[in-house]
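S.K.: Dropping in final_6.txt, with compact mmCIF, C-alpha atoms.
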# COMPACT_ATOMS: atom_id res chain seq x y z
CA MET Q 1 0.00 0.00 0.00
CA LYS Q 2 0.99 3.59 -0.52
CA ILE Q 3 -0.11 6.42 1.79
CA MET Q 4 0.46 10.12 1.18
CA MET Q 5 0.78 12.39 4.23
CA SER Q 6 0.59 16.19 4.34
CA ALA Q 7 1.73 18.22 7.38
CA GLY Q 8 2.77 21.85 7.09
CA GLU Q 9 3.89 22.90 10.57
CA VAL Q 10 6.26 21.88 13.35
CA SER Q 11 3.50 20.29 15.43
CA GLY Q 12 2.14 18.49 12.37
CA ASP Q 13 5.60 17.17 11.58
CA LEU Q 14 5.83 15.82 15.12
CA HIS Q 15 2.44 14.11 14.88
CA GLY Q 16 3.37 12.86 11.42
CA GLU Q 17 6.57 11.32 12.74
CA ARG Q 18 4.68 9.39 15.43
CA LEU Q 19 2.11 8.20 12.91
CA ALA Q 20 4.76 7.14 10.42
CA ARG Q 21 6.60 5.07 13.00
CA ALA Q 22 3.35 3.48 14.20
CA ILE Q 23 2.30 2.66 10.62
CA HIS Q 24 5.65 1.03 9.87
CA ARG Q 25 5.48 -0.97 13.10
CA GLN Q 26 2.14 -2.41 12.01
CA SER Q 27 2.84 -2.60 8.27
CA PRO Q 28 6.56 -2.34 7.40
CA GLU Q 29 5.91 -2.72 3.67
CA THR Q 30 3.63 0.34 3.43
CA GLN Q 31 5.15 3.21 1.45
CA LEU Q 32 4.81 6.66 2.98
CA ILE Q 33 5.24 9.75 0.80
CA GLY Q 34 4.29 13.42 0.90
CA PHE Q 35 4.77 16.86 2.43
CA GLY Q 36 6.26 17.37 5.89
CA GLY Q 37 9.44 18.04 7.82
CA ILE Q 38 12.66 16.45 8.98
CA ARG Q 39 10.96 14.40 11.70
CA MET Q 40 8.64 12.73 9.23
CA GLU Q 41 11.55 12.13 6.87
CA ALA Q 42 13.56 10.51 9.67
CA ALA Q 43 10.56 8.26 10.39
CA GLY Q 44 10.58 6.89 6.84
CA VAL Q 45 8.38 9.32 4.87
CA LYS Q 46 9.73 10.06 1.39
CA LEU Q 47 9.27 13.84 1.19
CA PHE Q 48 8.31 15.54 -2.05
CA ARG Q 49 8.64 18.93 -0.36
CA ASN Q 50 9.77 20.13 3.10
CA PHE Q 51 7.30 22.45 4.83
CA ALA Q 52 10.15 24.54 6.29
CA ASP Q 53 10.42 26.32 2.94
CA TYR Q 54 6.77 27.40 3.06
CA ASN Q 55 5.90 27.94 6.73
CA VAL Q 56 4.33 31.38 7.22
CA MET Q 57 1.98 32.82 9.85
CA GLY Q 58 -0.63 35.57 9.61
CA VAL Q 59 -2.81 37.09 6.91
CA TRP Q 60 -0.26 39.47 5.41
CA GLU Q 61 2.50 36.86 5.40
CA VAL Q 62 0.24 34.40 3.56
CA ILE Q 63 -0.73 37.06 1.00
CA LYS Q 64 2.94 37.85 0.31
CA ASN Q 65 3.69 34.17 -0.25
CA LEU Q 66 0.43 33.25 -1.97
CA ARG Q 67 1.95 32.56 -5.39
CA ARG Q 68 4.50 30.15 -3.93
CA ILE Q 69 1.84 28.42 -1.84
CA LEU Q 70 -0.48 27.97 -4.81
CA LYS Q 71 2.44 26.60 -6.86
CA LEU Q 72 3.11 24.14 -4.04
CA LEU Q 73 -0.54 23.06 -4.13
CA ASP Q 74 -0.29 22.44 -7.88
CA ASP Q 75 2.98 20.54 -7.51
CA LEU Q 76 1.64 18.32 -4.72
CA SER Q 77 -1.52 17.66 -6.71
CA ALA Q 78 0.50 16.58 -9.73
CA TYR Q 79 2.68 14.41 -7.49
CA MET Q 80 -0.41 12.81 -5.98
CA ALA Q 81 -1.88 12.16 -9.44
CA ALA Q 82 1.34 10.50 -10.56
CA GLU Q 83 1.86 8.40 -7.41
CA ARG Q 84 -1.82 7.38 -6.99
CA PRO Q 85 -1.70 6.70 -3.22
CA ASP Q 86 -4.36 4.54 -1.61
CA LEU Q 87 -5.06 7.28 0.93
CA LEU Q 88 -4.29 10.94 1.61
CA VAL Q 89 -3.73 11.68 5.31
CA LEU Q 90 -4.14 15.33 6.29
CA ILE Q 91 -2.36 16.32 9.50
CA ASP Q 92 -3.61 19.67 10.79
CA TYR Q 93 -2.52 22.67 8.56
CA PRO Q 94 -6.18 23.31 7.65
CA ASP Q 95 -6.43 25.93 4.93
CA PHE Q 96 -3.80 24.38 2.68
CA ASN Q 97 -4.61 20.75 3.41
CA TRP Q 98 -8.31 21.06 2.63
CA ARG Q 99 -7.53 22.54 -0.76
CA LEU Q 100 -5.35 19.50 -1.33
CA ALA Q 101 -8.25 17.30 -0.16
CA LYS Q 102 -10.46 18.72 -2.94
CA ARG Q 103 -7.83 17.71 -5.50
CA ALA Q 104 -7.62 14.21 -3.98
CA LYS Q 105 -11.40 13.80 -4.13
CA LYS Q 106 -11.40 14.62 -7.85
CA LEU Q 107 -8.74 11.95 -8.34
CA GLY Q 108 -10.81 9.37 -6.47
CA ILE Q 109 -8.32 9.19 -3.59
CA PRO Q 110 -9.98 8.86 -0.16
CA VAL Q 111 -9.09 11.42 2.51
CA PHE Q 112 -8.33 10.77 6.18
CA SER Q 113 -8.20 13.82 8.47
CA TYR Q 114 -6.04 13.65 11.58
CA ILE Q 115 -6.40 16.76 13.76
CA PRO Q 116 -9.23 18.39 11.80
CA PRO Q 117 -9.83 22.17 11.67
CA SER Q 118 -10.94 23.73 14.96
CA ALA Q 119 -14.54 24.19 13.86
CA TRP Q 120 -15.61 24.06 17.52
CA ALA Q 121 -13.88 27.42 18.00
CA TRP Q 122 -14.48 29.31 14.78
CA ARG Q 123 -16.00 28.95 11.30
CA LYS Q 124 -18.27 26.11 12.40
CA GLY Q 125 -19.57 25.82 8.85
CA ARG Q 126 -16.23 24.26 7.92
CA ALA Q 127 -17.27 21.03 9.64
CA LYS Q 128 -19.94 20.32 7.03
CA LYS Q 129 -17.61 21.18 4.14
CA CYS Q 130 -14.86 19.00 5.57
CA ALA Q 131 -17.30 16.14 6.20
CA ALA Q 132 -18.13 16.17 2.49
CA LEU Q 133 -14.44 15.78 1.57
CA ALA Q 134 -12.96 13.40 4.16
CA ASP Q 135 -14.01 9.79 4.59
CA GLU Q 136 -12.84 9.63 8.21
CA PHE Q 137 -11.66 11.95 10.97
CA VAL Q 138 -9.68 11.42 14.16
CA ALA Q 139 -9.46 14.24 16.72
CA ILE Q 140 -6.85 14.55 19.46
CA PHE Q 141 -9.14 16.33 21.93
CA PRO Q 142 -12.61 15.19 23.03
CA HIS Q 143 -14.21 18.64 22.77
CA GLU Q 144 -13.66 18.61 18.98
CA LEU Q 145 -16.20 15.84 18.31
CA PRO Q 146 -19.70 17.39 18.72
CA VAL Q 147 -19.51 19.95 15.90
CA TYR Q 148 -18.28 17.32 13.42
CA GLU Q 149 -20.80 14.72 14.56
CA ALA Q 150 -23.55 17.29 13.99
CA ALA Q 151 -22.18 17.79 10.46
CA GLY Q 152 -22.43 14.06 9.75
CA ALA Q 153 -18.71 13.30 9.84
CA HIS Q 154 -17.32 9.88 10.71
CA ILE Q 155 -15.13 11.09 13.60
CA SER Q 156 -13.59 9.53 16.69
CA PHE Q 157 -11.30 10.40 19.58
CA VAL Q 158 -8.83 7.65 20.49
CA GLY Q 159 -6.50 9.57 22.79
CA ASN Q 160 -3.70 12.09 22.44
CA PRO Q 161 -0.16 11.05 21.39
CA LEU Q 162 1.41 13.54 23.81
CA VAL Q 163 0.56 11.13 26.64
CA ASP Q 164 3.15 8.70 25.24
CA THR Q 165 5.85 11.12 24.18
CA VAL Q 166 6.03 13.71 26.95
CA LYS Q 167 8.38 12.00 29.41
CA ALA Q 168 11.49 13.27 31.19
CA GLU Q 169 14.57 12.24 29.19
CA LEU Q 170 16.76 12.09 32.32
CA PRO Q 171 16.23 11.11 35.99
CA GLU Q 172 15.84 14.16 38.24
CA GLU Q 173 19.35 14.18 39.73
CA GLU Q 174 20.99 13.77 36.32
CA ALA Q 175 18.78 16.53 34.95
CA ARG Q 176 19.75 18.88 37.80
CA ALA Q 177 23.43 18.24 37.09
CA PHE Q 178 22.92 18.66 33.34
CA PHE Q 179 21.18 22.04 33.64
CA GLY Q 180 22.89 23.26 36.81
CA ILE Q 181 19.66 23.66 38.76
CA ALA Q 182 19.98 23.09 42.51
CA PRO Q 183 16.90 22.18 44.61
CA GLN Q 184 16.85 25.68 46.14
CA ASP Q 185 16.96 27.40 42.73
CA HIS Q 186 13.90 28.81 41.01
CA ALA Q 187 14.00 27.99 37.29
CA VAL Q 188 11.79 29.90 34.87
CA LEU Q 189 11.41 28.86 31.23
CA LEU Q 190 10.90 31.29 28.37
CA MET Q 191 9.20 29.56 25.42
CA PRO Q 192 8.35 32.10 22.71
CA GLY Q 193 7.41 29.58 20.00
CA SER Q 194 8.95 28.15 16.85
CA ARG Q 195 7.98 30.82 14.30
CA ARG Q 196 9.87 34.04 13.62
CA GLN Q 197 6.69 36.09 14.12
CA GLU Q 198 6.05 34.52 17.53
CA ILE Q 199 9.62 35.12 18.67
CA THR Q 200 9.65 38.78 17.63
CA MET Q 201 6.18 39.39 19.09
CA LEU Q 202 6.67 37.65 22.44
CA LEU Q 203 10.32 37.29 23.42
CA PRO Q 204 11.09 40.99 24.09
CA ALA Q 205 8.22 41.19 26.61
CA MET Q 206 9.34 37.90 28.18
CA LEU Q 207 12.89 39.20 28.57
CA LYS Q 208 11.75 42.45 30.19
CA ALA Q 209 9.61 40.38 32.56
CA ALA Q 210 12.71 38.31 33.34
CA GLU Q 211 14.59 41.49 34.27
CA ILE Q 212 11.80 42.35 36.73
CA LEU Q 213 11.85 38.85 38.22
CA LYS Q 214 15.64 38.87 38.58
CA ALA Q 215 15.45 42.10 40.56
CA ARG Q 216 12.77 40.69 42.88
CA ARG Q 217 14.00 37.10 43.11
CA PRO Q 218 17.78 37.08 42.43
CA GLU Q 219 17.97 33.29 42.87
CA THR Q 220 15.91 32.80 39.69
CA LYS Q 221 17.58 31.12 36.72
CA PHE Q 222 16.21 31.55 33.21
CA PHE Q 223 16.26 28.97 30.42
CA LEU Q 224 15.05 29.12 26.84
CA PRO Q 225 14.54 25.75 25.09
CA VAL Q 226 15.21 26.58 21.43
CA ALA Q 227 12.29 25.20 19.38
CA ALA Q 228 13.72 26.15 15.97
CA ALA Q 229 17.52 26.18 15.64
CA ALA Q 230 17.21 28.34 12.50
CA TYR Q 231 16.26 31.29 14.73
CA LYS Q 232 19.10 30.90 17.22
CA SER Q 233 20.84 34.10 16.09
CA LEU Q 234 17.56 36.05 16.25
CA ILE Q 235 17.00 34.83 19.82
CA GLN Q 236 20.58 35.62 20.85
CA GLY Q 237 20.26 39.11 19.38
CA LEU Q 238 17.12 39.84 21.38
CA ILE Q 239 18.65 38.49 24.60
CA ALA Q 240 21.71 40.70 24.08
CA GLN Q 241 19.43 43.75 24.23
CA HIS Q 242 18.32 42.91 27.79
CA ASP Q 243 20.11 42.85 31.13
CA VAL Q 244 19.37 39.26 32.09
CA ASP Q 245 21.23 35.97 31.74
CA VAL Q 246 19.25 33.38 29.76
CA LYS Q 247 20.67 29.95 29.02
CA LEU Q 248 19.69 28.48 25.65
CA THR Q 249 19.06 24.73 25.67
CA TYR Q 250 18.67 22.27 22.80
CA GLU Q 251 17.94 18.90 24.39
CA ASN Q 252 16.21 17.17 27.30
CA ARG Q 253 13.37 19.68 27.11
CA TYR Q 254 10.88 17.62 29.07
CA ALA Q 255 13.38 16.94 31.86
CA LEU Q 256 13.91 20.70 32.08
CA MET Q 257 10.15 21.25 32.32
CA GLY Q 258 10.04 18.81 35.20
CA LEU Q 259 12.58 20.90 37.15
CA ALA Q 260 11.23 24.37 36.42
CA ASP Q 261 8.88 26.38 38.61
CA VAL Q 262 6.90 28.03 35.85
CA ALA Q 263 7.09 29.05 32.18
CA ALA Q 264 6.09 32.00 30.05
CA ALA Q 265 4.97 30.31 26.85
CA ALA Q 266 3.45 31.04 23.48
CA SER Q 267 0.00 29.51 23.33
CA GLY Q 268 0.12 26.14 21.59
CA THR Q 269 1.04 22.49 22.00
CA VAL Q 270 3.96 23.35 24.28
CA VAL Q 271 1.51 24.49 26.99
CA MET Q 272 -0.10 21.03 26.97
CA GLU Q 273 3.33 19.39 27.04
CA ALA Q 274 4.22 21.49 30.06
CA ALA Q 275 0.98 20.47 31.77
CA LEU Q 276 1.86 16.80 31.30
CA MET Q 277 5.17 17.51 33.07
CA GLY Q 278 3.36 19.30 35.91
CA LEU Q 279 4.69 22.70 34.84
CA PRO Q 280 2.31 25.71 35.10
CA CYS Q 281 2.48 28.27 32.30
CA VAL Q 282 1.57 31.87 31.81
CA SER Q 283 0.29 31.57 28.23
CA LEU Q 284 0.80 34.43 25.80
CA TYR Q 285 -0.90 35.13 22.48
CA ARG Q 286 -0.10 38.17 20.40
CA LEU Q 287 -0.65 38.98 16.73
CA ALA Q 288 -0.04 41.87 14.38
CA PRO Q 289 -2.95 44.36 14.71
CA LEU Q 290 -4.58 43.38 11.37
CA ASN Q 291 -4.41 39.67 12.15
CA TYR Q 292 -5.81 40.26 15.63
CA MET Q 293 -8.76 42.31 14.31
CA ILE Q 294 -9.65 39.56 11.84
CA GLY Q 295 -9.24 36.83 14.44
CA ARG Q 296 -11.33 38.69 17.03
CA ALA Q 297 -14.20 38.91 14.54
CA LEU Q 298 -14.06 35.21 13.69
CA VAL Q 299 -13.06 33.37 16.86
CA HIS Q 300 -15.50 33.01 19.73
CA VAL Q 301 -13.94 31.05 22.58
CA GLU Q 302 -13.71 31.64 26.30
CA HIS Q 303 -10.20 30.20 26.60
CA PHE Q 304 -7.34 29.85 24.12
CA THR Q 305 -4.98 27.40 25.85
CA LEU Q 306 -5.57 23.67 25.89
CA PRO Q 307 -5.56 22.89 29.64
CA ASN Q 308 -8.08 25.67 30.24
CA ILE Q 309 -10.23 24.47 27.33
CA LEU Q 310 -10.17 20.86 28.51
CA LEU Q 311 -11.60 21.75 31.92
CA GLY Q 312 -13.66 24.72 30.78
CA GLU Q 313 -12.15 27.03 33.37
CA THR Q 314 -9.14 29.29 33.91
CA ILE Q 315 -6.60 26.89 35.36
CA GLN Q 316 -3.63 29.11 34.55
CA PRO Q 317 -3.24 32.67 33.21
CA GLU Q 318 -3.85 33.62 29.60
CA LEU Q 319 -2.56 36.99 28.41
CA LEU Q 320 -3.90 38.21 25.08
CA GLN Q 321 -2.59 40.98 22.81
CA ASP Q 322 -2.11 44.17 24.91
CA GLU Q 323 -2.06 42.09 28.09
CA VAL Q 324 1.31 40.71 26.92
CA GLU Q 325 3.12 43.31 29.00
CA PRO Q 326 6.30 42.75 31.08
CA HIS Q 327 4.94 43.76 34.50
CA ARG Q 328 1.78 41.68 34.01
CA ILE Q 329 3.82 38.67 32.88
CA ALA Q 330 6.19 38.98 35.86
CA LYS Q 331 3.29 39.29 38.30
CA GLU Q 332 1.61 36.13 37.00
CA LEU Q 333 4.89 34.20 36.95
CA LEU Q 334 5.68 35.11 40.57
CA ARG Q 335 2.33 33.69 41.71
CA LEU Q 336 3.34 30.29 40.32
CA TYR Q 337 6.81 29.93 41.89
CA ARG Q 338 7.35 26.78 43.94
CA GLY Q 339 6.11 27.29 47.49
CA GLU Q 340 3.22 29.53 46.44
CA SER Q 341 -0.28 28.19 47.14
CA ALA Q 342 -1.48 29.23 43.68
CA ARG Q 343 1.06 26.83 42.16
CA ASP Q 344 -0.22 23.86 44.14
CA GLU Q 345 -3.81 24.60 43.15
CA THR Q 346 -2.80 25.03 39.51
CA THR Q 347 -0.81 21.79 39.24
CA ALA Q 348 -3.68 19.82 40.82
CA LYS Q 349 -6.05 21.10 38.13
CA LEU Q 350 -3.48 20.48 35.40
CA ARG Q 351 -3.45 16.81 36.39
CA LYS Q 352 -7.23 16.69 35.94
CA ALA Q 353 -6.92 18.32 32.51
CA CYS Q 354 -4.31 15.79 31.44
CA GLU Q 355 -6.64 12.92 32.37
CA ARG Q 356 -8.95 14.15 29.58
CA LEU Q 357 -6.30 13.22 27.00
CA GLY Q 358 -7.09 9.53 27.27
CA PRO Q 359 -4.88 6.45 27.73
CA PRO Q 360 -1.45 5.79 26.17
CA GLY Q 361 -1.14 4.27 22.68
CA ALA Q 362 -3.04 6.88 20.64
CA SER Q 363 -0.65 6.88 17.65
CA ASP Q 364 -0.91 3.11 17.29
CA ARG Q 365 -4.71 3.30 17.33
CA VAL Q 366 -4.76 6.06 14.71
CA ALA Q 367 -2.25 4.16 12.56
CA ALA Q 368 -4.52 1.11 12.64
CA LYS Q 369 -7.43 3.24 11.42
CA ILE Q 370 -5.30 4.72 8.62
CA LEU Q 371 -4.09 1.31 7.46
CA ALA Q 372 -7.65 -0.04 7.51
CA ALA Q 373 -8.85 2.91 5.38
CA ALA Q 374 -6.00 2.44 2.88
CA LYS Q 375 -6.68 -1.30 2.72
CA ARG Q 376 -10.36 -0.68 1.95
CA LYS Q 377 -9.34 1.53 -0.97
CA ARG Q 378 -6.82 -1.03 -2.23
CA ASN Q 379 -9.33 -3.87 -1.99
CA SER Q 380 -12.08 -1.89 -3.72
CA GLY Q 381 -9.65 -1.04 -6.54
CA GLU Q 382 -8.67 -4.67 -6.99
CA GLN Q 383 -12.33 -5.74 -7.10
CA HIS Q 384 -13.05 -3.05 -9.69
CA GLU Q 385 -10.21 -4.33 -11.88
CA GLU Q 386 -11.57 -7.89 -11.69
CA LEU Q 387 -14.99 -6.70 -12.87
Using the file provided, produce a representation of the structure as structure tokens.
M.R.:
Amino acid sequence: MKIMMSAGEVSGDLHGERLARAIHRQSPETQLIGFGGIRMEAAGVKLFRNFADYNVMGVWEVIKNLRRILKLLDDLSAYMAAERPDLLVLIDYPDFNWRLAKRAKKLGIPVFSYIPPSAWAWRKGRAKKCAALADEFVAIFPHELPVYEAAGAHISFVGNPLVDTVKAELPEEEARAFFGIAPQDHAVLLMPGSRRQEITMLLPAMLKAAEILKARRPETKFFLPVAAAAYKSLIQGLIAQHDVDVKLTYENRYALMGLADVAAAASGTVVMEAALMGLPCVSLYRLAPLNYMIGRALVHVEHFTLPNILLGETIQPELLQDEVEPHRIAKELLRLYRGESARDETTAKLRKACERLGPPGASDRVAAKILAAAKRKRNSGEQHEEL
């Protein structure tokens, strides 16, 4: 069998890697091809294009790169027509991937959606349009199901792969020695995201907040796990403009989360990863003014970070747009230092939120569904040829 996968972001590449490895464990002879990143490639996916050359964020950035993106869509469609996969697996990356799904449907290639568009939060009409294009959906959060079920989609929730993958890479004592964090130290993580726009929008405010914290709590140590090595020089340049020592790290990220008191983090998957490691976050979300105005008109949600969404309450702080301000960030971080009662209450609720992610083994269960869908297509094709 041959399966084509399409993932256009860092998180999608990570999910794609897990899926690819699970598929090959269950069916080593299955060919995996498509669009993704270095993680998927390392897991055995033969890449036609690498998403790193096309990854943009925001309305204006997409408009500037529209011609290249449309050319990519044409190229991937031609590649799909030539390779004739038994199944197209969409992994997140909604706007692009669903255009690709339309092309697949015209070619008679069934579509499997893993991590479908967030229709529960905005543009609910998308659920019906997506249901008409994809043969099957698998969500990674339980609150995503109702809107798709109402649209008639064949959708299921079989757990979240983060439950399996978010584990400390080192025992605690080894991790303390590796990072130089003594039990009496207070470690604060700065996690501004993996995109250039996120880093430039969030890191300066984080660094100014770090200066405030250092003045109030001199024993604090600051660490920045680098999510995208390509932006190392950008990060170093911004740090150099501030009077605070920040250690960049490149490995053992989950072990570091397990040692830290609290993190200032860009809203996204990393906040859920931190929750699984028992690390509270002050979540930040900031966009260019035009993007924010458009988003505010379209998105109607009470919370924007996953732990808060899972429990339907404010477990930990969320700072949006103008609230992303150094003094506000520092104030919220201080409340969550070890020894503070607010931290104990927060971590207890984070454990409850993590229970909503389901049992281990999600990637294997999704891989089994994907292989079954591809096999149905292969078998129906063989029967058609016999007739």
S.K.: Ranking Q:Ala182, Q:Ile140, Q:Ile235, Q:Leu19 by minimum distance to Q:Leu310 and counting only C-alpha atoms, which one comes first?
M.R.: Q:Ile140
S.K.: Pick the closest to Q:His327 from Q:Ile69, Q:Ala150, Q:Ala127, Q:Leu213: which is it, counting only C-alpha atoms?
M.R.: Q:Leu213
S.K.: Looking at Q:Leu14, Q:Leu70, Q:Ala131, Q:Ala210, which one is nearest to Q:Ala43, with distances taken over all atoms listed in the file?
M.R.: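 Distance minimum relative to Q:Ala43 lands on Q:Leu14.
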S.K.: If we count only C-alpha atoms, what is near stretch 312-314 of chain Q at a cut-off of 10 Å, once residues fewer than 3 positions away on the same chain are taken out, given as a PDB file with C-alpha atoms, in the frame of the given file?
M.R.:
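result-v1.pdb, freshly written:
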ATOM      1  CA  GLU Q 302     -13.710  31.640  26.300  1.00  0.00           C
ATOM      2  CA  HIS Q 303     -10.200  30.200  26.600  1.00  0.00           C
ATOM      3  CA  PHE Q 304      -7.340  29.850  24.120  1.00  0.00           C
ATOM      4  CA  THR Q 305      -4.980  27.400  25.850  1.00  0.00           C
ATOM      5  CA  LEU Q 306      -5.570  23.670  25.890  1.00  0.00           C
ATOM      6  CA  PRO Q 307      -5.560  22.890  29.640  1.00  0.00           C
ATOM      7  CA  ASN Q 308      -8.080  25.670  30.240  1.00  0.00           C
ATOM      8  CA  ILE Q 309     -10.230  24.470  27.330  1.00  0.00           C
ATOM      9  CA  PRO Q 317      -3.240  32.670  33.210  1.00  0.00           C
ATOM     10  CA  GLU Q 318      -3.850  33.620  29.600  1.00  0.00           C
ATOM     11  CA  THR Q 346      -2.800  25.030  39.510  1.00  0.00           C
ATOM     12  CA  LYS Q 349      -6.050  21.100  38.130  1.00  0.00           C
ATOM     13  CA  ALA Q 353      -6.920  18.320  32.510  1.00  0.00           C
TER      14      ALA Q 353
END
S.K.: Neighbouring residues of Q:Gly12 were defined as those with any atom within 8 Å, considering all atoms listed in the file; residues of the same chain fewer than 2 positions away were excluded. Please report them as a JSON list (two decimals) with C-alpha atoms, in the frame of the given file.
M.R.:
[["chain", "number", "residue", "atom", "x", "y", "z"],
["Q", 7, "ALA", "CA", 1.73, 18.22, 7.38],
["Q", 8, "GLY", "CA", 2.77, 21.85, 7.09],
["Q", 9, "GLU", "CA", 3.89, 22.90, 10.57],
["Q", 10, "VAL", "CA", 6.26, 21.88, 13.35],
["Q", 14, "LEU", "CA", 5.83, 15.82, 15.12],
["Q", 15, "HIS", "CA", 2.44, 14.11, 14.88],
["Q", 16, "GLY", "CA", 3.37, 12.86, 11.42],
["Q", 36, "GLY", "CA", 6.26, 17.37, 5.89],
["Q", 91, "ILE", "CA", -2.36, 16.32, 9.50],
["Q", 92, "ASP", "CA", -3.61, 19.67, 10.79],
["Q", 93, "TYR", "CA", -2.52, 22.67, 8.56]]
S.K.: Measuring between all atoms listed in the file, which one of Q:Met257, Q:Leu319, Q:Leu207, Q:Leu72 shows the shortest distance to Q:Ala175?
M.R.: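 Between Q:Met257, Q:Leu319, Q:Leu207, Q:Leu72, the residue approaching Q:Ala175 most closely is Q:Met257.
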S.K.: Contacts of Q:Thr249 at 7 Å or less, counting all atoms listed in the file, minus same-chain residues fewer than 6 places along, as a VMD selection string?
M.R.: chain Q and resid 223 to 226
S.K.: As a ChimeraX atom specification, please: the residues near Q:Pro94 (cut-off 9 Å, only C-alpha atoms, same-chain neighbours under 2 positions excluded).
M.R.: /Q:90-92,96-99,115-118
S.K.: If we draw a sphere of 10 Å around (9.6, 38.3, 22.3), which residues have at least one atom in it when counting all atoms listed in the file? Please report them as a list in words.
M.R.: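 Checking each residue against the 10 Å limit leaves Leu190, Met191, Pro192, Gly193, Arg196, Gln197, Glu198, Ile199, Thr200, Met201, Leu202, Leu203, Pro204, Ala205, Met206, Leu207, Lys208, Ile235, Leu238, Ile239, Ala266, Arg286 and Val324 of chain Q.
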S.K.: Report as JSON lines: every residue of stretch 127-215 of chain Q with an atom at most 12 Å from stretch 74-89 of chain Q, its closest pair of atoms, and their distance in Å to one decimal, counting all atoms listed in the file, with rows sorted by chain and ascending residue number.
M.R.:
{"residue": "Q:Leu133", "atom": "CA", "partner": "Q:Leu88", "partner_atom": "CA", "distance": 11.2}
{"residue": "Q:Ala134", "atom": "CA", "partner": "Q:Leu88", "partner_atom": "CA", "distance": 9.4}
{"residue": "Q:Asp135", "atom": "CA", "partner": "Q:Leu87", "partner_atom": "CA", "distance": 10.0}
{"residue": "Q:Glu136", "atom": "CA", "partner": "Q:Val89", "partner_atom": "CA", "distance": 9.8}
{"residue": "Q:Phe137", "atom": "CA", "partner": "Q:Val89", "partner_atom": "CA", "distance": 9.7}
{"residue": "Q:Val138", "atom": "CA", "partner": "Q:Val89", "partner_atom": "CA", "distance": 10.7}
S.K.: Give me, as a PDB file with C-alpha atoms, in the coordinates of the input, all polymer residues having an atom no more than 8 Å from Q:Thr347, counting only C-alpha atoms and skipping those fewer than 4 positions away in the same chain.
M.R.:
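The resulting file, result09.pdb, is reproduced below:
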ATOM      1  CA  ALA Q 275       0.980  20.470  31.770  1.00  0.00           C
ATOM      2  CA  GLY Q 278       3.360  19.300  35.910  1.00  0.00           C
ATOM      3  CA  LEU Q 279       4.690  22.700  34.840  1.00  0.00           C
ATOM      4  CA  PRO Q 280       2.310  25.710  35.100  1.00  0.00           C
ATOM      5  CA  ARG Q 343       1.060  26.830  42.160  1.00  0.00           C
ATOM      6  CA  ARG Q 351      -3.450  16.810  36.390  1.00  0.00           C
TER       7      ARG Q 351
END
S.K.: Record the distance separating atom CA of Q:Ala330 and atom CA of Q:Ala209, expressed in Å with one decimal.
M.R.: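 Those two atoms sit 5.0 Å apart.
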